[in-house]
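Working notes for the structure below.
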Amino acid sequence: PLRTRRPPARPGPRRARGLSQAKNRAILEAAARVFPASGFHQASMDRIAQKARVSKQTIYNHYRAKEDLFAAIIRDRAGGLVSGLSRRLAGRGRAAGALQAFGEDFLSFLLSPATLAFYRLLVAEGGRRGELGAIAYAQGPARAVAALAAFLVERDRAGELRVSDPQFSAEMLLGLLRGQHQLRALFGAGPAPAPKHLKAWVAHAVKTFLAAHRP
């Protein structure tokens with residue numbers, strides 16, 4: 001029988017033949033500087049290639065469009081956050097200790113200059129390119145909510161907490177942790193909070209959350 005040859009598969013945005021981890025890291029770090037500084041629309045692959053010290057073709061061999069590269073940056077940053085948060089929640093200690101560590105890491109990430117810069121970029125570009133916000137939410141906040149919800153399910157089954165709606169409860173806790181800190185940082189309304197203040201804030205938020213989920 002006559003066989004139809006399939007065209008060769010096009011390399012996806014995550015893996016490209018011949019691109020080393022070092023070069024990929026250089027591209028991601030360069031793009032993470034160029035996008036917030038120039039805006040998504042004005043950011044050029046030429047500028048990113050220059051910053052990364054690679055050719056523009058090398059970038060296009062790995063990322064077919066700026067959207068792919070932007071998604072990879074969000075995925076990279078969110079992956080580090082979610083992995084770290086998941087490790088915090090994986091301990092065998094009580095929920096209070098795990099959530100305290102989770103909350104401190106979450107706020108530190110949220111208030112970091114790099115995260116704030118990307119948040120401003122997403123707000124500025126969201127009206128023109130709504131897909132960027134969808135990408136960022138799926139790769140970042142949605143994964144953090146999912147990791148926290150899974151932890152709450154485990155603690156509910158163990159009888160330590162009573163959680164009827166893990167998704168709702170996870171989002172509520174993240175809201176308690178965030179408070180007004182992110183908005184003040186985005187607006188430049190006052191100095192950055194001291195670490196001891198953030199630690200105390202997280203402790204109060206966790207205490208409030210646990211009281212609402214007491215078995």
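Residues are referred to by chain and number: the chain letter is A, B, ... according to the order shown in the structure tokens, the number counts from 1 in that chain, and ligands are numbered separately from 1 in the order shown.
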
Please run DSSP on the backbone and report, as a VMD selection string, all residues within chain A that come out as alpha helix (DSSP H). chain A and resid 21 to 38 45 to 52 56 to 62 66 to 89 95 to 110 113 to 126 130 to 139 141 to 157 166 to 178 181 to 187 195 to 212

Expected file: the selected residues, C-alpha atoms, as a short mmCIF file (atom, residue, chain, number, x, y, z; two decimals), in the first residue's frame:
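Wrote again-v7.cif, looks like this:
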data_model
loop_
_atom_site.label_atom_id
_atom_site.label_comp_id
_atom_site.auth_asym_id
_atom_site.auth_seq_id
_atom_site.Cartn_x
_atom_site.Cartn_y
_atom_site.Cartn_z
CA GLN A 21 21.19 24.79 28.89
CA ALA A 22 23.68 27.62 29.28
CA LYS A 23 22.49 29.34 26.10
CA ASN A 24 18.85 28.84 27.00
CA ARG A 25 19.48 30.31 30.45
CA ALA A 26 21.24 33.29 28.87
CA ILE A 27 18.27 33.85 26.53
CA LEU A 28 15.72 33.65 29.34
CA GLU A 29 17.69 36.02 31.58
CA ALA A 30 18.21 38.50 28.76
CA ALA A 31 14.55 38.44 27.80
CA ALA A 32 13.54 38.85 31.45
CA ARG A 33 15.44 42.15 31.43
CA VAL A 34 14.38 43.37 28.00
CA PHE A 35 10.62 42.73 28.21
CA PRO A 36 9.94 44.80 31.35
CA ALA A 37 12.31 47.57 30.25
CA SER A 38 10.94 47.93 26.70
CA MET A 45 14.59 39.69 19.37
CA ASP A 46 17.68 41.55 18.14
CA ARG A 47 18.06 43.25 21.51
CA ILE A 48 17.47 40.01 23.41
CA ALA A 49 20.02 38.20 21.24
CA GLN A 50 22.53 40.97 21.87
CA LYS A 51 22.02 40.78 25.62
CA ALA A 52 22.23 36.98 25.59
CA LYS A 56 18.78 35.92 16.62
CA GLN A 57 18.44 32.73 14.61
CA THR A 58 19.46 30.73 17.68
CA ILE A 59 16.51 32.23 19.55
CA TYR A 60 14.10 31.55 16.71
CA ASN A 61 15.34 27.96 16.45
CA HIS A 62 14.07 27.48 19.99
CA LYS A 66 7.88 36.38 21.22
CA GLU A 67 4.83 34.86 22.88
CA ASP A 68 6.67 31.53 23.20
CA LEU A 69 9.67 33.23 24.76
CA PHE A 70 7.50 35.25 27.12
CA ALA A 71 5.66 32.10 28.20
CA ALA A 72 8.98 30.36 28.80
CA ILE A 73 10.12 33.18 31.11
CA ILE A 74 6.90 32.98 33.13
CA ARG A 75 7.14 29.18 33.20
CA ASP A 76 10.76 29.38 34.36
CA ARG A 77 10.06 31.88 37.14
CA ALA A 78 6.85 30.20 38.23
CA GLY A 79 8.49 26.78 38.13
CA GLY A 80 11.09 27.87 40.64
CA LEU A 81 8.44 29.42 42.88
CA VAL A 82 6.03 26.49 42.76
CA SER A 83 8.80 23.93 43.31
CA GLY A 84 10.01 25.86 46.33
CA LEU A 85 6.50 26.29 47.72
CA SER A 86 5.74 22.61 47.16
CA ARG A 87 8.87 21.66 49.11
CA ARG A 88 7.74 23.90 51.96
CA LEU A 89 4.37 22.16 52.04
CA ALA A 95 0.13 22.88 59.02
CA ALA A 96 0.95 26.13 60.84
CA GLY A 97 4.69 25.73 60.29
CA ALA A 98 4.35 24.67 56.68
CA LEU A 99 2.01 27.54 55.86
CA GLN A 100 4.25 30.05 57.64
CA ALA A 101 7.24 29.01 55.51
CA PHE A 102 5.03 28.95 52.40
CA GLY A 103 3.69 32.43 53.13
CA GLU A 104 7.10 33.99 53.70
CA ASP A 105 8.44 32.58 50.44
CA PHE A 106 5.31 33.64 48.57
CA LEU A 107 5.48 37.24 49.78
CA SER A 108 9.22 37.47 49.12
CA PHE A 109 8.65 36.36 45.54
CA LEU A 110 5.62 38.61 45.07
CA PRO A 113 11.72 43.81 41.94
CA ALA A 114 11.70 41.31 39.06
CA THR A 115 8.19 40.07 39.86
CA LEU A 116 6.86 43.61 40.27
CA ALA A 117 8.39 44.59 36.92
CA PHE A 118 6.65 41.71 35.16
CA TYR A 119 3.37 42.49 36.88
CA ARG A 120 3.55 46.07 35.62
CA LEU A 121 4.30 44.76 32.13
CA LEU A 122 1.28 42.47 32.18
CA VAL A 123 -1.03 45.25 33.34
CA ALA A 124 0.30 47.60 30.65
CA GLU A 125 0.00 45.04 27.86
CA GLY A 126 -3.12 43.24 29.06
CA GLY A 130 -4.92 39.56 26.61
CA GLU A 131 -3.25 36.23 25.85
CA LEU A 132 -0.14 37.34 27.77
CA GLY A 133 -2.16 37.65 30.95
CA ALA A 134 -3.75 34.25 30.36
CA ILE A 135 -0.32 32.70 29.88
CA ALA A 136 1.06 34.35 33.00
CA TYR A 137 -1.91 33.33 35.16
CA ALA A 138 -1.84 29.72 34.00
CA GLN A 139 1.92 29.38 34.56
CA PRO A 141 -0.85 31.97 40.18
CA ALA A 142 -2.92 29.00 38.99
CA ARG A 143 -0.06 26.60 39.78
CA ALA A 144 0.50 28.16 43.20
CA VAL A 145 -3.21 27.79 43.99
CA ALA A 146 -3.15 24.16 42.82
CA ALA A 147 -0.13 23.31 44.99
CA LEU A 148 -1.71 24.92 48.04
CA ALA A 149 -5.09 23.29 47.39
CA ALA A 150 -3.44 19.85 47.18
CA PHE A 151 -1.77 20.47 50.55
CA LEU A 152 -5.09 21.48 52.09
CA VAL A 153 -6.75 18.31 50.78
CA GLU A 154 -4.05 16.21 52.46
CA ARG A 155 -4.45 18.02 55.78
CA ASP A 156 -8.22 17.69 55.56
CA ARG A 157 -7.90 13.93 55.07
CA PRO A 166 -9.78 23.50 48.67
CA GLN A 167 -9.67 25.86 45.68
CA PHE A 168 -11.64 28.55 47.49
CA SER A 169 -9.60 28.16 50.66
CA ALA A 170 -6.29 28.28 48.79
CA GLU A 171 -7.27 31.49 47.03
CA MET A 172 -8.48 32.97 50.33
CA LEU A 173 -5.16 32.28 52.03
CA LEU A 174 -3.18 33.82 49.16
CA GLY A 175 -5.38 36.90 49.44
CA LEU A 176 -4.75 37.12 53.18
CA LEU A 177 -1.01 36.82 52.61
CA ARG A 178 -0.96 39.40 49.82
CA HIS A 181 1.63 44.82 50.25
CA GLN A 182 1.67 44.19 46.51
CA LEU A 183 -0.36 47.30 45.65
CA ARG A 184 1.79 49.53 47.83
CA ALA A 185 4.91 48.12 46.17
CA LEU A 186 3.47 48.58 42.67
CA PHE A 187 2.45 52.16 43.41
CA PRO A 195 11.44 41.21 56.82
CA LYS A 196 10.30 41.07 60.45
CA HIS A 197 7.11 42.91 59.51
CA LEU A 198 6.40 40.44 56.69
CA LYS A 199 7.06 37.51 59.01
CA ALA A 200 4.61 38.88 61.57
CA TRP A 201 2.05 39.58 58.84
CA VAL A 202 2.29 36.01 57.56
CA ALA A 203 1.92 34.62 61.09
CA HIS A 204 -1.27 36.63 61.63
CA ALA A 205 -2.68 35.61 58.23
CA VAL A 206 -1.95 31.93 58.90
CA LYS A 207 -3.48 32.13 62.38
CA THR A 208 -6.64 33.70 60.93
CA PHE A 209 -6.81 31.06 58.19
CA LEU A 210 -6.35 28.14 60.56
CA ALA A 211 -9.05 29.47 62.88
CA ALA A 212 -11.49 29.44 59.97
#

Between CA of Val163 (chain A) and CA of Leu111 (chain A) - distance in Å to one decimal: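 That distance, rounded to one decimal, is 28.4 Å.
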
Two-atom distance - CA of Arg64 (chain A), CA of Gln42 (chain A) (Å):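 These atoms are spaced 17.3 Å apart.
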
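Counting from CA of Gly179 (chain A), the distance to CA of Ser164 (chain A) is 23.4 Å.
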